[in-house]
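Coordinates from input_14.txt are shown below (compact mmCIF, C-alpha atoms).
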# COMPACT_ATOMS: atom_id res chain seq x y z
CA MET A 21 74.06 -16.77 42.20
CA ASN A 22 72.49 -19.20 44.61
CA ILE A 23 69.75 -21.44 43.31
CA PHE A 24 68.63 -22.90 46.64
CA TRP A 25 65.41 -20.95 47.04
CA THR A 26 64.59 -21.08 43.34
CA LEU A 27 64.97 -24.86 43.64
CA VAL A 28 62.74 -25.04 46.70
CA ILE A 29 60.07 -22.84 45.19
CA GLU A 30 60.15 -24.84 41.95
CA MET A 31 59.80 -28.08 43.91
CA ILE A 32 56.72 -26.72 45.64
CA SER A 33 55.43 -25.38 42.32
CA PHE A 34 56.01 -28.78 40.72
CA GLY A 35 54.05 -30.47 43.49
CA LEU A 36 51.20 -28.01 43.17
CA PHE A 37 51.18 -28.37 39.38
CA ILE A 38 50.99 -32.15 39.72
CA TYR A 39 47.99 -31.72 41.99
CA PHE A 40 46.22 -29.24 39.70
CA PHE A 41 47.09 -31.10 36.51
CA GLY A 42 45.61 -34.21 38.05
CA LYS A 43 42.50 -32.34 39.05
CA VAL A 44 41.95 -30.23 35.95
CA LEU A 45 43.39 -32.34 33.15
CA TRP A 46 44.08 -35.94 34.05
CA LYS A 47 40.97 -36.94 35.93
CA PRO A 48 38.30 -35.36 33.71
CA LEU A 49 40.01 -36.53 30.52
CA MET A 50 40.45 -40.04 31.86
CA GLN A 51 36.81 -40.12 32.85
CA ALA A 52 35.74 -38.76 29.48
CA MET A 53 37.82 -41.31 27.61
CA GLU A 54 36.58 -44.07 29.88
CA ALA A 55 33.00 -42.95 29.27
CA ARG A 56 33.60 -42.89 25.54
CA ARG A 57 35.17 -46.32 25.65
CA ARG A 58 32.16 -47.63 27.53
CA ARG A 59 29.77 -45.96 25.09
CA ILE A 60 31.56 -47.43 22.11
CA SER A 61 31.58 -50.91 23.57
CA GLU A 62 27.90 -50.55 24.46
CA GLY A 63 27.19 -49.42 20.92
CA LEU A 64 29.05 -52.40 19.54
CA ALA A 65 27.14 -54.72 21.83
CA ALA A 66 23.86 -53.12 20.77
CA ALA A 67 24.79 -53.48 17.11
CA GLU A 68 25.58 -57.12 17.67
CA ARG A 69 22.29 -57.61 19.50
CA GLY A 70 20.45 -55.91 16.64
CA GLN A 71 22.19 -58.12 14.15
CA ARG A 72 21.19 -61.19 16.12
CA GLU A 73 17.60 -59.98 16.39
CA LEU A 74 17.50 -59.35 12.67
CA GLU A 75 18.76 -62.85 12.01
CA ASP A 76 16.17 -64.23 14.41
CA SER A 77 13.33 -62.43 12.72
CA VAL A 78 14.54 -63.45 9.29
CA ASN A 79 14.62 -67.05 10.47
CA GLN A 80 11.17 -66.66 11.98
CA ALA A 81 9.78 -65.18 8.81
CA GLU A 82 11.25 -68.00 6.76
CA GLU A 83 9.80 -70.54 9.14
CA ARG A 84 6.40 -68.94 8.91
CA MET A 85 6.61 -68.77 5.14
CA ALA A 86 7.48 -72.46 5.00
CA GLU A 87 4.53 -73.20 7.27
CA ALA A 88 2.20 -71.20 5.08
CA ARG A 89 3.50 -72.93 2.00
CA ALA A 90 2.93 -76.34 3.58
CA GLU A 91 -0.55 -75.32 4.62
CA ALA A 92 -1.40 -74.11 1.16
CA HIS A 93 -0.10 -77.35 -0.24
CA GLU A 94 -2.25 -79.33 2.12
CA LEU A 95 -5.33 -77.27 1.32
CA LEU A 96 -4.77 -77.72 -2.37
CA ALA A 97 -4.30 -81.46 -1.95
CA ASN A 98 -7.46 -81.66 0.14
CA ALA A 99 -9.45 -79.76 -2.43
CA GLN A 100 -8.10 -82.02 -5.17
CA ARG A 101 -9.02 -85.09 -3.22
CA GLN A 102 -12.47 -83.78 -2.43
CA ALA A 103 -13.08 -82.91 -6.04
CA ASN A 104 -11.95 -86.36 -7.06
CA GLU A 105 -14.19 -87.90 -4.48
CA THR A 106 -17.15 -85.83 -5.60
CA LEU A 107 -16.50 -86.69 -9.20
CA GLU A 108 -16.13 -90.36 -8.36
CA LYS A 109 -19.32 -90.30 -6.32
CA ALA A 110 -21.22 -88.53 -9.05
CA ARG A 111 -19.94 -91.03 -11.54
CA ALA A 112 -20.97 -93.95 -9.34
CA ASP A 113 -24.36 -92.40 -8.67
CA ALA A 114 -24.93 -91.89 -12.33
CA ARG A 115 -23.92 -95.44 -13.07
CA SER A 116 -26.20 -96.93 -10.41
CA GLU A 117 -29.04 -94.66 -11.47
CA GLY A 118 -28.61 -95.75 -15.04
CA GLU A 119 -28.52 -99.37 -13.99
CA ARG A 120 -31.63 -98.85 -11.94
CA ILE A 121 -33.42 -97.21 -14.82
CA VAL A 122 -32.29 -99.95 -17.18
CA SER A 123 -33.38 -102.69 -14.81
CA ALA A 124 -36.70 -100.96 -14.19
CA ALA A 125 -37.25 -100.71 -17.90
CA ARG A 126 -36.28 -104.35 -18.27
CA ASP A 127 -38.74 -105.27 -15.53
CA GLU A 128 -41.44 -103.30 -17.26
CA VAL A 129 -40.62 -104.94 -20.53
CA ASP A 130 -40.64 -108.38 -18.87
CA GLN A 131 -43.94 -107.58 -17.25
CA ALA A 132 -45.38 -106.34 -20.53
CA VAL A 133 -44.09 -109.46 -22.24
CA SER A 134 -45.60 -111.77 -19.65
CA GLN A 135 -48.82 -109.78 -19.73
CA ALA A 136 -48.88 -110.01 -23.46
CA LYS A 137 -48.15 -113.72 -23.18
CA ASP A 138 -50.95 -114.16 -20.67
CA GLN A 139 -53.32 -112.28 -22.85
CA LEU A 140 -52.22 -114.21 -25.88
CA ARG A 141 -52.72 -117.46 -24.05
CA ARG A 142 -56.10 -116.41 -22.83
CA GLU A 143 -57.03 -115.35 -26.28
CA VAL A 144 -55.59 -118.54 -27.67
CA GLY A 145 -57.53 -120.45 -25.02
CA GLU A 146 -60.68 -118.59 -25.85
CA LEU A 147 -60.07 -119.13 -29.51
CA ALA A 148 -59.51 -122.77 -28.85
CA VAL A 149 -62.66 -122.95 -26.78
CA GLU A 150 -64.56 -121.08 -29.42
CA GLY A 151 -63.10 -123.36 -31.95
CA ALA A 152 -64.05 -126.37 -29.93
CA GLU A 153 -67.49 -124.91 -29.39
CA ARG A 154 -67.82 -124.41 -32.99
CA ILE A 155 -66.49 -127.88 -33.61
CA LEU A 156 -68.71 -129.47 -31.06
CA LYS A 157 -71.46 -127.17 -32.14
CA ARG A 158 -72.70 -127.04 -28.77
CA GLU A 159 -72.53 -124.58 -26.22
CA ILE A 160 -70.16 -125.24 -23.57
CA ASP A 161 -70.81 -123.65 -20.26
CA THR A 162 -68.04 -121.09 -20.19
CA LYS A 163 -68.29 -120.75 -16.51
CA ALA A 164 -68.07 -124.46 -15.92
CA HIS A 165 -65.04 -124.80 -18.09
CA ASN A 166 -63.19 -121.62 -17.16
CA ASP A 167 -61.36 -123.60 -14.51
CA ILE A 168 -60.17 -126.02 -17.08
CA ILE A 169 -59.07 -123.19 -19.35
CA ASP A 170 -57.24 -121.52 -16.48
CA ASP A 171 -55.53 -124.78 -15.75
CA LEU A 172 -54.60 -125.04 -19.36
CA VAL A 173 -53.33 -121.52 -19.35
CA ALA A 174 -51.26 -122.18 -16.22
CA GLY A 175 -50.00 -125.39 -17.81
CA MET A 176 -48.95 -123.51 -20.93
CA ARG A 177 -46.84 -121.16 -19.04
CA MET B 5 66.34 -2.05 17.65
CA SER B 6 66.47 1.73 17.63
CA GLU B 7 67.12 2.25 21.33
CA SER B 8 70.17 0.11 21.81
CA VAL B 9 70.28 -1.98 24.94
CA PHE B 10 73.95 -1.54 25.34
CA THR B 11 75.66 1.78 25.18
CA GLN B 12 78.02 0.29 22.66
CA ASP B 13 77.53 -2.95 20.80
CA PRO B 14 78.48 -5.73 23.25
CA THR B 15 81.34 -8.08 22.58
CA ALA B 16 80.50 -11.72 21.99
CA VAL B 17 81.51 -12.61 25.52
CA GLU B 18 79.43 -9.82 27.00
CA TYR B 19 76.45 -10.89 24.89
CA ILE B 20 76.64 -14.51 26.02
CA GLN B 21 77.31 -13.63 29.65
CA HIS B 22 74.35 -11.32 29.62
CA HIS B 23 72.12 -14.04 28.18
CA LEU B 24 73.29 -16.57 30.71
CA SER B 25 72.54 -14.45 33.77
CA ASN B 26 69.24 -14.81 35.50
CA LEU B 27 66.98 -12.00 36.51
CA THR B 28 67.82 -12.33 40.18
CA LEU B 29 65.90 -10.90 43.09
CA GLY B 30 67.48 -10.74 46.53
CA GLU B 31 71.07 -11.18 47.59
CA GLY B 32 73.30 -14.21 48.09
CA PHE B 33 71.60 -17.18 49.77
CA TRP B 34 68.20 -15.50 49.71
CA SER B 35 68.23 -14.72 46.00
CA VAL B 36 65.73 -16.26 43.60
CA HIS B 37 65.64 -16.44 39.82
CA ALA B 38 62.62 -14.33 39.07
CA ASP B 39 62.69 -15.04 35.33
CA THR B 40 62.73 -18.81 35.84
CA LEU B 41 59.89 -18.70 38.35
CA LEU B 42 57.85 -16.29 36.25
CA VAL B 43 58.13 -18.23 33.00
CA SER B 44 57.60 -21.64 34.59
CA TRP B 45 54.53 -20.44 36.49
CA ALA B 46 53.13 -18.71 33.43
CA LEU B 47 53.55 -21.86 31.34
CA GLY B 48 52.06 -24.08 34.03
CA ALA B 49 49.14 -21.69 34.36
CA LEU B 50 48.70 -21.61 30.59
CA LEU B 51 48.54 -25.41 30.47
CA LEU B 52 46.08 -25.48 33.35
CA TRP B 53 43.96 -22.85 31.62
CA LEU B 54 44.00 -24.94 28.43
CA GLY B 55 43.03 -28.00 30.42
CA HIS B 56 40.29 -26.06 32.15
CA THR B 57 38.96 -24.79 28.82
CA VAL B 58 38.89 -28.28 27.41
CA GLY B 59 37.38 -29.68 30.58
CA LYS B 60 34.58 -27.14 30.57
CA ARG B 61 33.29 -27.98 27.12
CA MET B 62 34.37 -31.56 27.15
CA THR B 63 32.34 -34.03 25.23
CA THR B 64 32.18 -37.78 25.48
CA ASP B 65 30.64 -37.90 22.01
CA ALA B 66 32.41 -39.79 19.30
CA GLU B 67 34.07 -36.70 17.84
CA PRO B 68 35.96 -34.49 20.28
CA SER B 69 36.81 -30.98 19.08
CA GLY B 70 40.30 -29.99 17.93
CA LEU B 71 41.91 -28.91 21.18
CA GLN B 72 40.30 -31.68 23.20
CA ASN B 73 41.43 -34.15 20.60
CA ALA B 74 45.01 -32.91 20.81
CA ILE B 75 45.09 -32.99 24.60
CA GLU B 76 43.39 -36.37 24.67
CA THR B 77 46.03 -37.72 22.34
CA VAL B 78 48.77 -36.49 24.68
CA VAL B 79 47.00 -37.82 27.77
CA GLU B 80 46.38 -41.17 26.13
CA PHE B 81 50.01 -41.35 25.01
CA VAL B 82 51.23 -40.59 28.54
CA ASN B 83 48.75 -43.06 29.96
CA ASP B 84 49.95 -45.80 27.63
CA GLN B 85 53.54 -45.23 28.73
CA VAL B 86 52.58 -45.18 32.38
CA GLN B 87 50.48 -48.31 32.18
CA SER B 88 53.11 -50.28 30.32
CA LEU B 89 55.60 -49.50 33.10
CA PHE B 90 53.32 -49.22 36.09
CA PRO B 91 50.68 -51.91 35.90
CA ARG B 92 49.28 -51.24 39.36
CA ALA B 93 46.81 -48.40 39.35
CA ASP B 94 48.24 -45.41 41.16
CA PRO B 95 46.44 -42.08 41.51
CA LEU B 96 49.65 -40.04 41.51
CA ILE B 97 51.74 -41.49 38.70
CA GLY B 98 49.43 -40.46 35.85
CA PRO B 99 49.17 -36.77 36.79
CA LEU B 100 52.90 -36.75 37.63
CA ALA B 101 53.87 -38.11 34.21
CA LEU B 102 51.44 -35.81 32.43
CA THR B 103 52.69 -32.77 34.34
CA ILE B 104 56.31 -33.59 33.59
CA PHE B 105 55.66 -34.17 29.91
CA LEU B 106 53.51 -31.10 29.27
CA TRP B 107 55.31 -28.70 31.59
CA VAL B 108 58.81 -29.70 30.51
CA PHE B 109 57.74 -29.55 26.89
CA ALA B 110 56.26 -26.08 27.37
CA MET B 111 59.36 -24.82 29.18
CA ASN B 112 61.63 -26.37 26.54
CA PHE B 113 59.52 -24.75 23.88
CA MET B 114 60.60 -21.34 25.14
CA ASP B 115 63.83 -22.15 23.31
CA MET B 116 61.90 -21.92 20.04
CA ILE B 117 61.16 -18.26 20.66
CA PRO B 118 63.87 -16.10 19.08
CA VAL B 119 66.67 -15.94 21.58
CA ASP B 120 66.67 -12.13 21.91
CA LEU B 121 62.93 -11.51 21.88
CA LEU B 122 61.89 -12.14 25.48
CA PRO B 123 65.06 -10.55 26.94
CA LEU B 124 64.32 -7.43 24.87
CA VAL B 125 60.74 -7.33 26.13
CA ALA B 126 62.03 -7.75 29.68
CA GLN B 127 64.56 -4.97 29.18
CA TRP B 128 61.91 -2.67 27.77
CA ILE B 129 59.66 -3.36 30.77
CA GLY B 130 62.58 -2.93 33.17
CA GLN B 131 63.55 0.37 31.60
CA ASN B 132 60.13 1.91 31.12
CA ILE B 133 58.16 0.55 34.09
CA PHE B 134 60.71 -0.10 36.82
CA GLY B 135 63.16 2.55 35.72
CA VAL B 136 66.13 0.19 35.74
CA GLU B 137 68.86 0.64 33.19
CA ALA B 138 68.23 -1.90 30.42
CA HIS B 139 71.76 -3.21 30.58
CA HIS B 140 71.12 -4.43 34.12
CA VAL B 141 68.03 -6.44 33.24
CA PRO B 142 69.07 -9.94 32.21
CA PHE B 143 66.36 -12.42 31.36
CA ARG B 144 66.54 -16.14 30.68
CA ALA B 145 63.46 -17.38 28.93
CA VAL B 146 64.05 -21.15 29.19
CA PRO B 147 63.40 -22.38 32.73
CA THR B 148 64.68 -25.89 31.98
CA ALA B 149 68.06 -24.37 31.02
CA ASP B 150 68.27 -23.11 34.61
CA LEU B 151 69.68 -25.81 36.91
CA ALA B 152 67.02 -25.14 39.52
CA VAL B 153 64.06 -26.45 37.52
CA PRO B 154 65.39 -29.82 36.32
CA PHE B 155 66.82 -30.44 39.78
CA ALA B 156 63.59 -29.45 41.49
CA MET B 157 61.64 -31.98 39.43
CA ALA B 158 64.32 -34.67 39.73
CA LEU B 159 64.40 -34.22 43.51
CA VAL B 160 60.63 -34.50 43.77
CA VAL B 161 60.77 -37.70 41.73
CA PHE B 162 63.67 -38.92 43.89
CA GLY B 163 61.75 -38.17 47.08
CA LEU B 164 58.69 -39.91 45.74
CA SER B 165 60.71 -42.98 44.77
CA ILE B 166 61.99 -43.19 48.36
CA VAL B 167 58.46 -42.82 49.70
CA TYR B 168 57.17 -45.47 47.29
CA GLY B 169 60.03 -47.80 48.13
CA VAL B 170 59.48 -47.46 51.86
CA ARG B 171 55.73 -47.82 51.48
CA LYS B 172 56.13 -50.92 49.34
CA LYS B 173 58.84 -52.75 51.30
CA GLY B 174 58.62 -51.20 54.73
CA LEU B 175 61.32 -48.98 56.20
CA GLY B 176 63.44 -51.89 57.48
CA ALA B 177 63.44 -53.82 54.22
CA TYR B 178 64.08 -50.62 52.28
CA LEU B 179 67.14 -49.75 54.35
CA LYS B 180 68.28 -53.35 54.29
CA GLY B 181 68.31 -53.12 50.49
CA PHE B 182 71.21 -50.69 50.82
CA LEU B 183 73.17 -53.25 52.81
CA VAL B 184 72.69 -56.41 50.78
CA HIS B 185 72.45 -55.03 47.29
CA PRO B 186 74.20 -55.69 44.92
CA PHE B 187 76.91 -58.02 46.35
CA GLY B 188 75.18 -59.88 49.18
CA LYS B 189 75.34 -59.29 52.92
CA TYR B 190 79.09 -59.95 53.38
CA MET B 191 79.99 -56.90 51.34
CA ALA B 192 77.75 -54.52 53.30
CA PRO B 193 80.03 -51.46 53.48
CA PHE B 194 80.79 -51.68 49.81
CA ASN B 195 77.10 -52.21 49.08
CA ILE B 196 76.13 -49.06 50.90
CA VAL B 197 78.46 -46.99 48.76
CA MET B 198 77.31 -48.69 45.59
CA SER B 199 73.62 -48.32 46.39
CA LEU B 200 74.01 -44.71 47.42
CA VAL B 201 75.88 -43.88 44.22
CA GLU B 202 73.27 -45.73 42.22
CA GLU B 203 70.39 -43.96 43.93
CA ILE B 204 71.94 -40.52 43.74
CA ALA B 205 72.96 -41.03 40.12
CA LYS B 206 69.31 -41.34 39.18
CA PRO B 207 68.09 -37.82 40.01
CA LEU B 208 71.47 -36.37 39.08
CA SER B 209 71.49 -37.86 35.59
CA LEU B 210 67.79 -37.12 35.18
CA ALA B 211 68.26 -33.44 35.96
CA LEU B 212 71.59 -32.96 34.20
CA ARG B 213 70.42 -34.61 31.00
CA LEU B 214 67.56 -32.15 30.62
CA PHE B 215 69.60 -29.18 31.79
CA GLY B 216 72.55 -30.03 29.53
CA ASN B 217 70.45 -30.45 26.42
CA LEU B 218 68.54 -27.23 26.92
CA PHE B 219 71.53 -25.22 28.05
CA ALA B 220 73.51 -26.36 25.02
CA GLY B 221 70.57 -25.62 22.75
CA GLU B 222 70.23 -22.14 24.14
CA LEU B 223 73.96 -21.57 23.77
CA VAL B 224 73.92 -22.67 20.13
CA PHE B 225 71.08 -20.24 19.45
CA MET B 226 73.19 -17.48 21.00
CA LEU B 227 76.18 -18.42 18.84
CA ILE B 228 73.95 -18.38 15.77
CA ALA B 229 72.71 -14.96 16.84
CA LEU B 230 76.34 -13.83 17.01
CA THR B 231 76.97 -14.85 13.40
CA GLY B 232 74.89 -11.89 12.28
CA PHE B 233 77.84 -9.51 12.63
CA ALA B 234 77.59 -8.26 9.04
CA TRP B 235 74.86 -7.87 6.47
CA TYR B 236 76.27 -10.55 4.13
CA MET B 237 76.02 -13.10 6.96
CA ALA B 238 72.22 -12.88 7.01
CA PRO B 239 71.45 -15.85 4.67
CA PHE B 240 74.01 -17.99 6.45
CA GLN B 241 72.57 -17.05 9.82
CA ALA B 242 69.00 -17.71 8.70
CA ALA B 243 69.96 -21.14 7.32
CA LEU B 244 71.80 -22.07 10.49
CA GLY B 245 68.94 -20.84 12.64
CA TRP B 246 66.43 -22.84 10.63
CA VAL B 247 68.46 -26.05 10.78
CA TRP B 248 69.08 -25.74 14.52
CA THR B 249 65.43 -24.88 15.20
CA VAL B 250 64.24 -27.99 13.38
CA PHE B 251 66.79 -30.14 15.17
CA HIS B 252 66.06 -28.57 18.53
CA MET B 253 62.34 -29.08 17.98
CA LEU B 254 63.05 -32.81 18.10
CA ILE B 255 65.29 -32.45 21.13
CA ILE B 256 62.78 -30.58 23.25
CA VAL B 257 60.07 -33.19 22.64
CA ILE B 258 62.45 -36.08 23.18
CA GLN B 259 63.87 -34.57 26.38
CA ALA B 260 60.39 -33.98 27.79
CA PHE B 261 59.49 -37.56 26.91
CA ILE B 262 62.70 -39.00 28.39
CA PHE B 263 62.29 -37.06 31.61
CA MET B 264 58.74 -38.35 31.95
CA LEU B 265 59.61 -41.92 31.03
CA LEU B 266 62.62 -42.14 33.35
CA SER B 267 60.67 -40.65 36.23
CA VAL B 268 58.01 -43.31 35.80
CA VAL B 269 60.68 -45.99 35.42
CA TYR B 270 62.41 -44.91 38.66
CA LEU B 271 59.13 -44.94 40.53
CA ALA B 272 58.21 -48.31 39.03
CA LEU B 273 61.61 -49.68 40.06
CA ALA B 274 61.06 -48.42 43.59
CA THR B 275 57.82 -50.37 43.83
CA SER B 276 58.89 -53.48 41.92
CA ASP B 277 58.90 -56.73 43.84
CA ASP B 278 62.45 -57.84 43.14
CA ALA B 279 65.30 -55.58 44.19
CA HIS B 280 66.20 -54.27 40.72
Step by step, read the file and then write its structure as structure tokens.
Amino acid sequence: MNIFWTLVIEMISFGLFIYFFGKVLWKPLMQAMEARRRRISEGLAAAERGQRELEDSVNQAEERMAEARAEAHELLANAQRQANETLEKARADARSEGERIVSAARDEVDQAVSQAKDQLRREVGELAVEGAERILKREIDTKAHNDIIDDLVAGMR
Amino acid sequence: MSESVFTQDPTAVEYIQHHLSNLTLGEGFWSVHADTLLVSWALGALLLWLGHTVGKRMTTDAEPSGLQNAIETVVEFVNDQVQSLFPRADPLIGPLALTIFLWVFAMNFMDMIPVDLLPLVAQWIGQNIFGVEAHHVPFRAVPTADLAVPFAMALVVFGLSIVYGVRKKGLGAYLKGFLVHPFGKYMAPFNIVMSLVEEIAKPLSLALRLFGNLFAGELVFMLIALTGFAWYMAPFQAALGWVWTVFHMLIIVIQAFIFMLLSVVYLALATSDDAH
């Protein structure tokens, strides 16, 4: 019972098995696990990137919404102001128009009054002249004394 | 067992002697243990075939299939052990550790097969195919319970540790380590003896630990088989067999693991910077 050659053959077998185990089992499995590890870490990185992008777009959307809100606010304020201005202008226009109409009417009234006064004076003058004529019982040259009457009229004013 | 292997029922001593003899080819110095070689090669080939099968339909997807998952778990486990002990990347250590763990485990596992089954198969083949009398066909199914296999692996690891040591430190520094370690240069002769004993103890203990555990386990299985001498012993025998099988299941895994771990440790020691 000598184990020398069994030992030698088993040593060689062991060496060969190490070689083949490395080739068939160790290397491909290590590579596969390495590849999986890489894939998982890439996936995690991608997920993180996606998360960041999502946050970015949410921020962007919020920003844009705030902008839109501000713009709407501004537009509304503008419209309000414009309306106020228009209203104010219309009110002022109406007031000045009314004043104009009132003053025109007053002018007309004044004119009518002075006209009436003139006419009254003339008539008074004529009546006076007629009265004087009748009093003096003589005809007074109307033409010759019109100047005097006009003077009188002007003096009465 | 209608065709009895023995002409009469063997005595206990005959039974155990028969189970502890190897199927030997050749004479004297040139003899080899055919059963050991056959079983160890078959198991190695089986593992390689399994690895090949997994490798062929391997997936790097998130969910590996059952067998790939199992083998990946083992490989990852071995890799963790190797990397914790052997930080420098080395192309040989990983496959070496994996081979030791899987192959030793597979060879140890032969102890889980009923102790008479494979010898009976071998005897049947010997009788009916080779025309040898069944009584003259011994067969030992557990290669690691044959001194040759543990020693073969331990010697390969030993040789590799010398190669690694020389490659790391240079031949001069490596040999000088024998002179100055462990008691300094003034105790050189004593150091040589100490270092030699220390170095030789490593492969010796490595091989004998595995051999002793498996040999003892096999022997206990044989003794349990011998308790079945009468019909009323059957429950007792079954209970004993069950208990020892469960216990031995732990031993074969632990021994495979220890052999792997110590091999890596010895190689790591050989390449470590400080001298032990």
With the cut-off set at 8 Å and counting all atoms listed in the file, tabulate each residue of chain B with an atom at most that distance from an atom of chain A, showing the nearest atom pair and its distance in Å to one decimal, ordered by chain and increasing number, as CSV.
residue,atom,partner,partner_atom,distance
B:Thr28,CA,A:Met21,CA,7.9
B:Gly32,CA,A:Asn22,CA,6.1
B:Phe33,CA,A:Asn22,CA,5.6
B:Trp34,CA,A:Trp25,CA,6.7
B:Ser35,CA,A:Asn22,CA,6.3
B:Val36,CA,A:Thr26,CA,5.0
B:His37,CA,A:Thr26,CA,5.9
B:Leu41,CA,A:Glu30,CA,7.1
B:Trp45,CA,A:Ser33,CA,7.7
B:Gly48,CA,A:Phe37,CA,6.9
B:Leu52,CA,A:Phe41,CA,6.5
B:Gly55,CA,A:Leu45,CA,5.1
B:His56,CA,A:Val44,CA,5.9
B:Gly59,CA,A:Pro48,CA,6.6
B:Met62,CA,A:Ala52,CA,7.7
B:Thr63,CA,A:Ala52,CA,7.2
B:Thr64,CA,A:Arg56,CA,5.3
B:Asp65,CA,A:Arg56,CA,6.8
B:Ala66,CA,A:Arg56,CA,7.1
B:Glu76,CA,A:Leu49,CA,6.8
B:Val79,CA,A:Trp46,CA,7.2
B:Leu96,CA,A:Gly42,CA,7.9
B:Gly98,CA,A:Trp46,CA,7.2
B:Pro99,CA,A:Gly42,CA,4.6
B:Leu100,CA,A:Ile38,CA,5.4
B:Leu102,CA,A:Trp46,CA,7.5
B:Thr103,CA,A:Ile38,CA,5.7
B:Leu151,CA,A:Ile23,CA,7.7
B:Ala152,CA,A:Leu27,CA,4.6
B:Val153,CA,A:Glu30,CA,6.1
B:Phe155,CA,A:Leu27,CA,7.0
B:Ala156,CA,A:Met31,CA,4.7
B:Met157,CA,A:Met31,CA,6.2
B:Leu159,CA,A:Met31,CA,7.7
B:Val160,CA,A:Met31,CA,6.5
Original post:
So, counting only C-alpha atoms, which residue among B:Pro68, B:Phe162, B:His23, B:Lys60 is closest to Val268 in chain B?
Top reply: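 Closest candidate: B:Phe162.
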Subject >> CA of Ala211 in chain B to CA of Phe263 in chain B, distance in Å rounded to a single decimal >> reply: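 Atom-to-atom, CA of Ala211 in chain B to CA of Phe263 in chain B, that is 8.2 Å.
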**OP:** Take the point (64.3, -41.7, 48.3) as written in the file and pick out every residue within 10 Å of it, counting only C-alpha atoms; give the list as an MDAnalysis selection string.
**Re:** chainID B and resid 159:170 178 203:204 207 271 274
Original post:
In Å to one decimal, how far is CA of Pro142 in chain B from CA of Gln21 in chain B?
Top reply: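 That distance, rounded to one decimal, is 9.4 Å.
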**OP:** For a cut-off of 12 Å around (70.5, -31.2, 29.7), file coordinates, pick out all residues using all atoms listed in the file and list them as a ChimeraX atom specification.
**Re:** /B:108,112,146-151,153-155,208-223,255-256,258-260,262-263
Subject >> Distance in Å - CA of Met111 in chain B versus CA of Ala145 in chain B >> reply: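 Calculated distance between CA of Met111 in chain B and CA of Ala145 in chain B is 8.5 Å.
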Original post:
Smallest atom-to-atom distance to Tyr19 in chain B: which of B:Val82, B:Met226, B:Leu54, B:Ala272, using only C-alpha atoms?
Top reply: B:Met226
Original post:
Which of these, A:Glu75, A:Asp113, A:Glu119, A:Asp167, has the shortest distance to Gly145 in chain A once you count all atoms listed in the file?
Top reply: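 Smallest separation from Gly145 in chain A among the options: A:Asp167.
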